[in-house]
Amino acid sequence: MNLGPDQTVVVIGVVAVVALALSMWNLRRQDERMRRRVAALEAEESEVRRLLDELPEAVLLVDADGIVLSTNAAALAMFDLARREFVDTHLVDQASGEDHARLAAAIQRSFGGAEVEPLQILMNGAHRRKIVVEATFHMPRHHVDEERRLVVRLRDVSEREQQSRALDQARRRFQQAFQSAPTGMALVRLDDGRIVDANQSLAEMLRRDVDELVGCTLREFTHPDDVRAAQPHRARLELGIVDSYRIDQRYRRRDGEYVWARTRVSSTEDDGVMLAITHIEDVTEQRRAAEQLRYAARHDELTGLPNRSYLMHLLHDRLATAEVDSVAVLFVDLDHFKTVNDSLGHEIGDQLLQVVSERLRSALREGDVLARFGGDEFIIVMRGEPIDVADRLRKAVHVPVVVGDHELFVTASIGYSSNYEAGMSPNDLLRDADAAMYRAKARGRDCVEAFEVGGYETGVQALRTSGELRRGLERGEVVPYFQPIVELASGRVIGYEVLARWLHPDRGLLPPNDFLPLAEETGLLVELGSRMLRDSLAQLAHWRASGYPFANCALSVNVGTRQLVDPSLYDMVVDALSETGIDADSLWLEITETALLSDVKSATVALRDLRSLGLHLSVDDFGTGYSSLTYLKRFPIEAIKIDKSFVGGLGIESEDTSIVEAVVRLGQALGLSVVAEGIESPLQLSRLRELGCDRGQGYLFGRPRPSNLIERERTGVEV
């Protein structure tokens with residue numbers, strides 16, 4: 001079809017319009033697609049930014065010049081900057097001091113294609129705080145025409161570094177303390193028991209070089225018996241059941257000798273290796289001293305034989321599980337020994353006792369136990385029929401004894417008994433053997449007698465005779481009982497008063513009032529007081545040697561009038577302290593006002609001499625005399641004891657209350673400690689505390705008890 005010019009123009013115009021319309025429609029479609037793509041990219045970028053902001057570590061994008069292109073929220077928080085303040089700034093500007101150059105060099109090496117190890121640098125953190133960060137660098141893959149960007153991650157390791165420095169410092173301090181410790185120390189691996197390190201003190205203790213110890217095991221130097229004893233403790237430590245343990249062990253020195261050491265072991269970990277920190281303290285001398293003290297407390301100094309205390313413990317243990325008639329006791333008493341002492345002197349008498357004790361020992365069988373009971377009395381504890389042993393003992397002492405220029409002929413009276421019925425106590429057995437011994441003496445001495453049930457006719461005759469009391473003292477029947485003395489402010493037991501009791505073989509336990517007047521009348525008070533002092537100090541030494549927790553206390557021992565003026569008192573006290581090893585500071589001597597005022601001049605000299613030893617002095621029954629205030633300052637007294645007759649009326653009787661208050665104030669004014677006796681009620685205790693009384697004793701705190709009950713009550717352990 002041929003179109004005219006006008007038609008052609010129209011067609012062309014229509015085509016152009018259509019083409020323009022199509023073009024505009026395509027443009028709109030492309031624009032819509034572009035907007036959707038931009039929106040998607042923005043959404044994707046927003047999601048990426050959100051994810052980056054949720055990361056706990058700081059993440060940044062930097063260019064080759066170190067300019068920050070992008071950052072997450074953690075990075076902004078690390079430096080306390082807004083995004084607009086951080087972006088387009090140099091990252092190295094946040095580094096501190098010399099770390100500027102190190103950070104810049106790390107960025108350049110990363111853009112140069114090098115693998116850069118994590119770098120620790122000091123940076124200026126938020127709030128002007130210096131922080132240590134660990135920077136890691138990562139170069140993402142990119143197209144040729146894309147701008148290269150470096151991902152930098154920053155992690156705050158300040159706390160870790162502080163902990164590391166603290167750990168290093170602690171290790172240095174431990175090593176310094178380890179090497180300079182005065183006691184031996186070793187670090188031992190728990191897996192193989194080998195010594196990782198040892199200090200010089202341990203090397204010197206074992207007389208070896210440190211290099212000799214490292215790499216060895218402690219077992220190589222430990223006594224075989226002690227290795228076995230320590231195995232259960234070590235196993236519990238390795239299993240984590242306990243964190244530490246303590247044990248005494250013997251370690252072999254280079255010369256082959258063993259030293260006793262107190263070993264304390266605790267576990268620790270170092271770089272994943274379990275170690276035992278081992279403290280090794282040389283206690284050889286301590287154990288030797290303790291053993292000597294235990295020996296002294298349980299053995300007679302003159303003969304070296306077990307003493308009465310040891311004997312009573314032995315009998316108690318054997319009778320606890322013994323069948324009837326399985327334990328026998330022989331009571332040996334030398335005839336006319338007092339004549340030797342009186343005519344030839346105690347030195348000759350002591351030498352005679354030493355010879356006789358050796359002869360008796362040599363006549364015994366294996367398993368028989370010989371003890372010195374006191375004076376010239378010996379006890380043998382044995383099993384089986386005793387008659388043959390008794391005859392050998394009697395004959396053993398018949399051979400004349402030559403002491404110096406003297407030839408002495410000795411005989412012995414021997415009585416024996418056995419546990420003929422169930423439930424017999426040591427005292428029962430000794431009582432019966434003693435009665436049999438008296439029968440032997442009644443028959444003319446130098447013979448052996450068996451105990452017959454009900455046969456006491458040749459035993460003790462009458463209670464109030466000097467002979468009976470003397471024999472009771474020699475046999476150790478008069479024993480110390482202990483009553484607690486309490487610090488009133490705290491209620492803590494700080495000492496014990498020693499009170500005499502007579503364990504009479506027939507009449508049982510007798511209080512002091514039943515026999516002290518007799519001792520005073522017959523001149524036996526000095527001997528009785530000496531026995532109480534020695535026996536009570538020996539008991540305290542035993543407590544301390546046995547490690548009883550209450551043994552760190554003082555003893556208060558009464559001194560009568562005759563004792564105070566007796567010239568031998570000073571030497572007797574010195575000997576008693578020396579024999580038992582008790583320090584003088586642990587001893588109080590209590591003197592009644594009557595004793596002080598009976599002979600003021602002699603008492604003053606005696607008390608000053610005693611005080612010079614370091615022991616303490618107190619006035620007993622204060623207030624019952626009539627001249628106390630006149631002479632109180634003259635004597636070196638440190639404490640006064642308020643008589644229980646006044647304490648009994650405290651808070652009830654106005655006169656007693658006034659006297660107690662006056663005595664307490666007097667003591668405080670003179671700088672003396674005040675001790676109240678006879679406290680029996682909480683009311684009395686309360687009033688005494690209000691007055692500021694220092695110490696007290698009485699039934700409220702405890703009655704006088706024998707040593708075994710003190711041990712049981714204070715430790716809760718059956719003895």
# chains A, B, ... in the order shown; residues from 1 in each chain; ligands from 1
>>> residues_around(residues="Phe221 of chain A", least_positions_apart="6", cutoff="12 Å", atoms="only C-alpha atoms", output="list of chain:residue names")
A:Arg194, A:Ile195, A:Leu202, A:Ala203, A:Met205, A:Leu206, A:Arg207, A:Arg208, A:Glu212, A:Leu213, A:Val227, A:Gln249, A:Arg250, A:Tyr251, A:Arg252, A:Arg253, A:Arg254, A:Asp255, A:Gly256, A:Glu257, A:Tyr258, A:Val259, A:Trp260, A:Ala261
>>> residues_around(residues="segment 696-702 of chain A", least_positions_apart="5", cutoff="8 Å", atoms="only C-alpha atoms", output="list of chain:residue names")
A:Gln483, A:Pro484, A:Ile485, A:Val486, A:Glu487, A:Leu488, A:Val675, A:Ala676, A:Glu677, A:Gly678, A:Ile679, A:Glu680, A:Ser681, A:Pro682
>>> write_last_selection(atoms="all heavy atoms", output="JSON list (two decimals), in the first residue's frame")
[["chain", "number", "residue", "atom", "x", "y", "z"],
["A", 483, "GLN", "N", 41.29, -29.32, 140.61],
["A", 483, "GLN", "CA", 40.06, -28.53, 140.47],
["A", 483, "GLN", "C", 40.34, -27.35, 139.54],
["A", 483, "GLN", "O", 41.32, -26.62, 139.74],
["A", 483, "GLN", "CB", 39.56, -28.02, 141.81],
["A", 483, "GLN", "CG", 38.22, -27.26, 141.68],
["A", 483, "GLN", "CD", 37.65, -26.86, 143.04],
["A", 483, "GLN", "OE1", 38.40, -26.52, 143.94],
["A", 483, "GLN", "NE2", 36.33, -26.87, 143.16],
["A", 484, "PRO", "N", 39.50, -27.14, 138.51],
["A", 484, "PRO", "CA", 39.78, -26.08, 137.54],
["A", 484, "PRO", "C", 39.71, -24.68, 138.14],
["A", 484, "PRO", "O", 38.86, -24.39, 138.98],
["A", 484, "PRO", "CB", 38.70, -26.29, 136.47],
["A", 484, "PRO", "CG", 37.62, -27.05, 137.15],
["A", 484, "PRO", "CD", 38.29, -27.91, 138.18],
["A", 485, "ILE", "N", 40.61, -23.82, 137.68],
["A", 485, "ILE", "CA", 40.59, -22.39, 137.97],
["A", 485, "ILE", "C", 40.25, -21.68, 136.67],
["A", 485, "ILE", "O", 40.91, -21.89, 135.65],
["A", 485, "ILE", "CB", 41.95, -21.91, 138.52],
["A", 485, "ILE", "CG1", 42.29, -22.66, 139.82],
["A", 485, "ILE", "CG2", 41.94, -20.41, 138.76],
["A", 485, "ILE", "CD1", 43.68, -22.37, 140.35],
["A", 486, "VAL", "N", 39.23, -20.83, 136.70],
["A", 486, "VAL", "CA", 38.65, -20.27, 135.48],
["A", 486, "VAL", "C", 38.88, -18.76, 135.43],
["A", 486, "VAL", "O", 38.79, -18.07, 136.45],
["A", 486, "VAL", "CB", 37.13, -20.57, 135.43],
["A", 486, "VAL", "CG1", 36.47, -19.85, 134.26],
["A", 486, "VAL", "CG2", 36.90, -22.07, 135.33],
["A", 487, "GLU", "N", 39.20, -18.28, 134.24],
["A", 487, "GLU", "CA", 39.23, -16.84, 134.00],
["A", 487, "GLU", "C", 37.77, -16.38, 133.86],
["A", 487, "GLU", "O", 37.08, -16.75, 132.91],
["A", 487, "GLU", "CB", 40.01, -16.55, 132.72],
["A", 487, "GLU", "CG", 40.20, -15.07, 132.41],
["A", 487, "GLU", "CD", 40.98, -14.89, 131.11],
["A", 487, "GLU", "OE1", 40.43, -15.26, 130.05],
["A", 487, "GLU", "OE2", 42.11, -14.41, 131.17],
["A", 488, "LEU", "N", 37.31, -15.57, 134.82],
["A", 488, "LEU", "CA", 35.88, -15.29, 134.90],
["A", 488, "LEU", "C", 35.36, -14.53, 133.70],
["A", 488, "LEU", "O", 34.22, -14.72, 133.28],
["A", 488, "LEU", "CB", 35.58, -14.51, 136.19],
["A", 488, "LEU", "CG", 35.86, -15.26, 137.50],
["A", 488, "LEU", "CD1", 35.40, -14.44, 138.69],
["A", 488, "LEU", "CD2", 35.16, -16.61, 137.51],
["A", 675, "VAL", "N", 41.31, -14.08, 143.15],
["A", 675, "VAL", "CA", 40.71, -15.38, 142.84],
["A", 675, "VAL", "C", 39.63, -15.67, 143.88],
["A", 675, "VAL", "O", 39.90, -15.61, 145.08],
["A", 675, "VAL", "CB", 41.76, -16.50, 142.84],
["A", 675, "VAL", "CG1", 41.13, -17.81, 142.37],
["A", 675, "VAL", "CG2", 42.96, -16.13, 141.99],
["A", 676, "ALA", "N", 38.42, -15.96, 143.43],
["A", 676, "ALA", "CA", 37.32, -16.28, 144.34],
["A", 676, "ALA", "C", 37.17, -17.79, 144.42],
["A", 676, "ALA", "O", 37.09, -18.47, 143.40],
["A", 676, "ALA", "CB", 36.03, -15.64, 143.85],
["A", 677, "GLU", "N", 37.12, -18.32, 145.64],
["A", 677, "GLU", "CA", 36.94, -19.75, 145.86],
["A", 677, "GLU", "C", 35.49, -20.06, 146.19],
["A", 677, "GLU", "O", 34.74, -19.19, 146.67],
["A", 677, "GLU", "CB", 37.83, -20.23, 147.00],
["A", 677, "GLU", "CG", 39.32, -20.16, 146.71],
["A", 677, "GLU", "CD", 40.14, -20.71, 147.87],
["A", 677, "GLU", "OE1", 40.12, -20.10, 148.95],
["A", 677, "GLU", "OE2", 40.78, -21.76, 147.67],
["A", 678, "GLY", "N", 35.09, -21.29, 145.95],
["A", 678, "GLY", "CA", 33.77, -21.75, 146.37],
["A", 678, "GLY", "C", 32.61, -21.20, 145.56],
["A", 678, "GLY", "O", 31.50, -21.07, 146.09],
["A", 679, "ILE", "N", 32.82, -20.89, 144.27],
["A", 679, "ILE", "CA", 31.72, -20.39, 143.44],
["A", 679, "ILE", "C", 30.80, -21.57, 143.09],
["A", 679, "ILE", "O", 31.24, -22.55, 142.47],
["A", 679, "ILE", "CB", 32.26, -19.74, 142.15],
["A", 679, "ILE", "CG1", 33.23, -18.61, 142.49],
["A", 679, "ILE", "CG2", 31.12, -19.21, 141.29],
["A", 679, "ILE", "CD1", 33.92, -18.01, 141.28],
["A", 680, "GLU", "N", 29.55, -21.46, 143.47],
["A", 680, "GLU", "CA", 28.62, -22.58, 143.28],
["A", 680, "GLU", "C", 27.34, -22.19, 142.56],
["A", 680, "GLU", "O", 26.53, -23.07, 142.23],
["A", 680, "GLU", "CB", 28.27, -23.21, 144.63],
["A", 680, "GLU", "CG", 29.45, -23.81, 145.35],
["A", 680, "GLU", "CD", 29.07, -24.49, 146.65],
["A", 680, "GLU", "OE1", 27.87, -24.52, 146.98],
["A", 680, "GLU", "OE2", 29.97, -25.01, 147.32],
["A", 681, "SER", "N", 27.12, -20.88, 142.32],
["A", 681, "SER", "CA", 25.86, -20.48, 141.70],
["A", 681, "SER", "C", 26.10, -19.42, 140.64],
["A", 681, "SER", "O", 27.07, -18.66, 140.70],
["A", 681, "SER", "CB", 24.90, -19.90, 142.76],
["A", 681, "SER", "OG", 25.37, -18.64, 143.21],
["A", 682, "PRO", "N", 25.20, -19.36, 139.64],
["A", 682, "PRO", "CA", 25.31, -18.31, 138.61],
["A", 682, "PRO", "C", 25.24, -16.90, 139.20],
["A", 682, "PRO", "O", 25.85, -15.97, 138.67],
["A", 682, "PRO", "CB", 24.12, -18.60, 137.69],
["A", 682, "PRO", "CG", 23.83, -20.05, 137.88],
["A", 682, "PRO", "CD", 24.14, -20.33, 139.32]]
>>> atom_distance(atom1="atom CA of Gly648 of chain A", atom2="atom CA of Arg665 of chain A")
18.5 Å
>>> closest_residue(among="A:Leu61, A:Met123, A:Leu311, A:Ala576", to="Ser530 of chain A", atoms="only C-alpha atoms")
A:Ala576
>>> select_by_dssp(residues="segment 105-220 of chain A", states="strand (DSSP E)", output="ChimeraX atom specification")
/A:119-124,130-138,150-156,184-189,195-198
>>> residues_around(residues="Val265 of chain A", least_positions_apart="2", cutoff="6 Å", atoms="only C-alpha atoms", output="JSON list (two decimals) with N, CA, C and O atoms, in the first residue's frame")
[["chain", "number", "residue", "atom", "x", "y", "z"],
["A", 244, "SER", "N", 44.90, -31.58, 101.37],
["A", 244, "SER", "CA", 46.21, -31.62, 102.00],
["A", 244, "SER", "C", 46.21, -32.69, 103.09],
["A", 244, "SER", "O", 45.16, -33.18, 103.49],
["A", 245, "TYR", "N", 47.39, -33.01, 103.54],
["A", 245, "TYR", "CA", 47.53, -33.91, 104.69],
["A", 245, "TYR", "C", 48.86, -33.64, 105.38],
["A", 245, "TYR", "O", 49.76, -33.00, 104.82],
["A", 277, "ILE", "N", 52.83, -29.59, 96.78],
["A", 277, "ILE", "CA", 53.74, -28.70, 97.49],
["A", 277, "ILE", "C", 54.04, -29.37, 98.83],
["A", 277, "ILE", "O", 53.16, -29.55, 99.66],
["A", 278, "THR", "N", 55.28, -29.74, 99.03],
["A", 278, "THR", "CA", 55.66, -30.54, 100.19],
["A", 278, "THR", "C", 56.57, -29.73, 101.11],
["A", 278, "THR", "O", 57.65, -29.31, 100.72]]
>>> residues_around(residues="segment 101-109 of chain A", least_positions_apart="6", cutoff="9 Å", atoms="only C-alpha atoms", output="list in words")
Val62, Asp63, Ala64, Asp65, Gly66, Leu91, Val92, Ala95, Glu115, Val116, Glu117, Leu119, Ile121, Ala135, Phe137, Leu150 and Val152 of chain A
>>> closest_residue(among="A:Asp368, A:Glu385, A:Glu377, A:Glu638", to="Asp325 of chain A", atoms="only C-alpha atoms")
A:Glu385
>>> atom_distance(atom1="atom CA of Leu615 of chain A", atom2="atom CA of Leu587 of chain A")
5.4 Å
>>> select_by_dssp(residues="segment 308-373 of chain A", states="alpha helix (DSSP H)", output="VMD selection string")
chain A and resid 308 to 321 337 to 344 346 to 362
>>> write_last_selection(atoms="C-alpha atoms", output="compact mmCIF listing (two decimals), in the first residue's frame")
# COMPACT_ATOMS: atom_id res chain seq x y z
CA ARG A 308 53.87 -45.58 139.50
CA SER A 309 52.09 -43.65 136.75
CA TYR A 310 53.29 -46.06 134.06
CA LEU A 311 52.42 -49.02 136.28
CA MET A 312 48.84 -47.87 136.82
CA HIS A 313 48.31 -47.37 133.06
CA LEU A 314 49.78 -50.80 132.36
CA LEU A 315 47.57 -52.51 134.92
CA HIS A 316 44.51 -50.67 133.66
CA ASP A 317 45.17 -51.85 130.09
CA ARG A 318 45.87 -55.45 131.04
CA LEU A 319 42.90 -55.81 133.38
CA ALA A 320 40.53 -54.32 130.80
CA THR A 321 40.71 -57.47 128.66
CA PHE A 337 65.83 -50.03 154.25
CA LYS A 338 65.06 -47.01 156.44
CA THR A 339 67.95 -48.04 158.70
CA VAL A 340 70.34 -47.78 155.74
CA ASN A 341 69.12 -44.29 154.87
CA ASP A 342 69.20 -43.08 158.46
CA SER A 343 72.60 -44.51 159.35
CA LEU A 344 74.57 -44.29 156.09
CA HIS A 346 70.53 -41.17 151.26
CA GLU A 347 73.39 -41.37 148.78
CA ILE A 348 74.27 -44.89 149.95
CA GLY A 349 70.56 -45.72 150.02
CA ASP A 350 70.14 -44.56 146.43
CA GLN A 351 73.06 -46.66 145.23
CA LEU A 352 71.63 -49.67 147.04
CA LEU A 353 68.28 -49.17 145.29
CA GLN A 354 70.00 -49.00 141.92
CA VAL A 355 71.83 -52.29 142.50
CA VAL A 356 68.71 -54.03 143.82
CA SER A 357 66.61 -52.83 140.87
CA GLU A 358 69.14 -54.37 138.45
CA ARG A 359 69.09 -57.67 140.32
CA LEU A 360 65.30 -57.77 140.30
CA ARG A 361 65.26 -56.99 136.59
CA SER A 362 67.69 -59.81 135.84
>>> residues_around(residues="Ser586 of chain A", least_positions_apart="6", cutoff="7 Å", atoms="only C-alpha atoms", output="MDAnalysis selection string")
chainID A and resid 553:555 615
>>> atom_distance(atom1="atom CA of Ser658 of chain A", atom2="atom CA of Ile642 of chain A")
12.3 Å
>>> closest_residue(among="A:Leu237, A:Ala371, A:Ile247, A:Leu533", to="Val559 of chain A", atoms="only C-alpha atoms")
A:Leu533
